[in-house]
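J.: Handing you a structure now.
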Amino acid sequence: MNKYCLFLGVLLVMLCVSLSCAPGNDRWDPGITPDNRANFWAGIWHGLIIIVTFVISLFTNDIGIYEVNNVGWGYNLGFLIGLSFLFGPILKAGGHKKHMTKRDWDRIGDTIEERVRKGIKSGLDEAGQKETKDKKWEEIAARIEQKIRDALKDWK
């Protein structure tokens, strides 16, 4: 229970600190402070706290998610950098797939080829075709190997 209260307290303090510099507050109001406009560093901060400000902006008109009284491209660049710090790792972790390399495809092809060879060889041994086994085996193996390699290339 103690850790839970500590966590909620820290979360509440962080929320209050983040809202003290949120877009749309008096600090950036041109009527109150006409020379104070949001700059690059404010853009980074506003990009980082966008989730908090979005939720708060649903309930009040005093807080926004983007400060319109800004210096221009510097604020916009900072805002995008803040967003990328926040959402970059989330997006990277969510949709990360391992890409198959040529080495992986070759290993898969070799494994399939070996299993097919064993199966065909055991089938020929059981049929009692000892004399023609080697000649047929080489012909069949070459055809199967080529078909597997073509199928794997198309599968990529």
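Quick note on naming: the chains in the structure tokens go A, B, ... in the order shown, residues restart at 1 in each chain, and ligands are numbered from 1 in order of appearance.
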For Leu77 of chain A, please output as a count of residues only all residues within 10 Å (counting only C-alpha atoms; exclusion window: fewer than 3 positions along the same chain).
T.: 13
J.: Can you work out the spacing between atom CA of Asp104 of chain A and atom CA of Arg149 of chain A in Å, to one decimal?
T.: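 Distance reported for this atom pair: 13.1 Å.
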J.: Identify which of the residues A:Lys121, A:Trp105, A:Gly78, A:Trp137 lies closest to Asp150 of chain A, counting only C-alpha atoms when measuring atom-to-atom distances.
T.: A:Trp105
J.: Hey, can you check how far atom CA of Ala42 of chain A sits from atom CA of Phe7 of chain A?
T.: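 About the pair atom CA of Ala42 of chain A and atom CA of Phe7 of chain A: they are 26.5 Å apart.
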J.: Find, counting only C-alpha atoms, the residue in A:His46, A:Lys136, A:Arg143, A:Lys153 that gets nearest to Asp106 of chain A.
T.: A:Lys153
J.: Taking only C-alpha atoms into account, name the residue in A:Leu86, A:Pro23, A:Tyr4, A:Asp35 that is nearest to Asn61 of chain A.
T.: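 Using only C-alpha atoms, Asn61 of chain A sits closest to A:Pro23.
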J.: In Å, rounded to a single decimal, give me how far atom CA of Gly9 of chain A is from atom CA of Phe79 of chain A.
T.: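 Interatomic distance, atom CA of Phe79 of chain A to atom CA of Gly9 of chain A: 27.7 Å.
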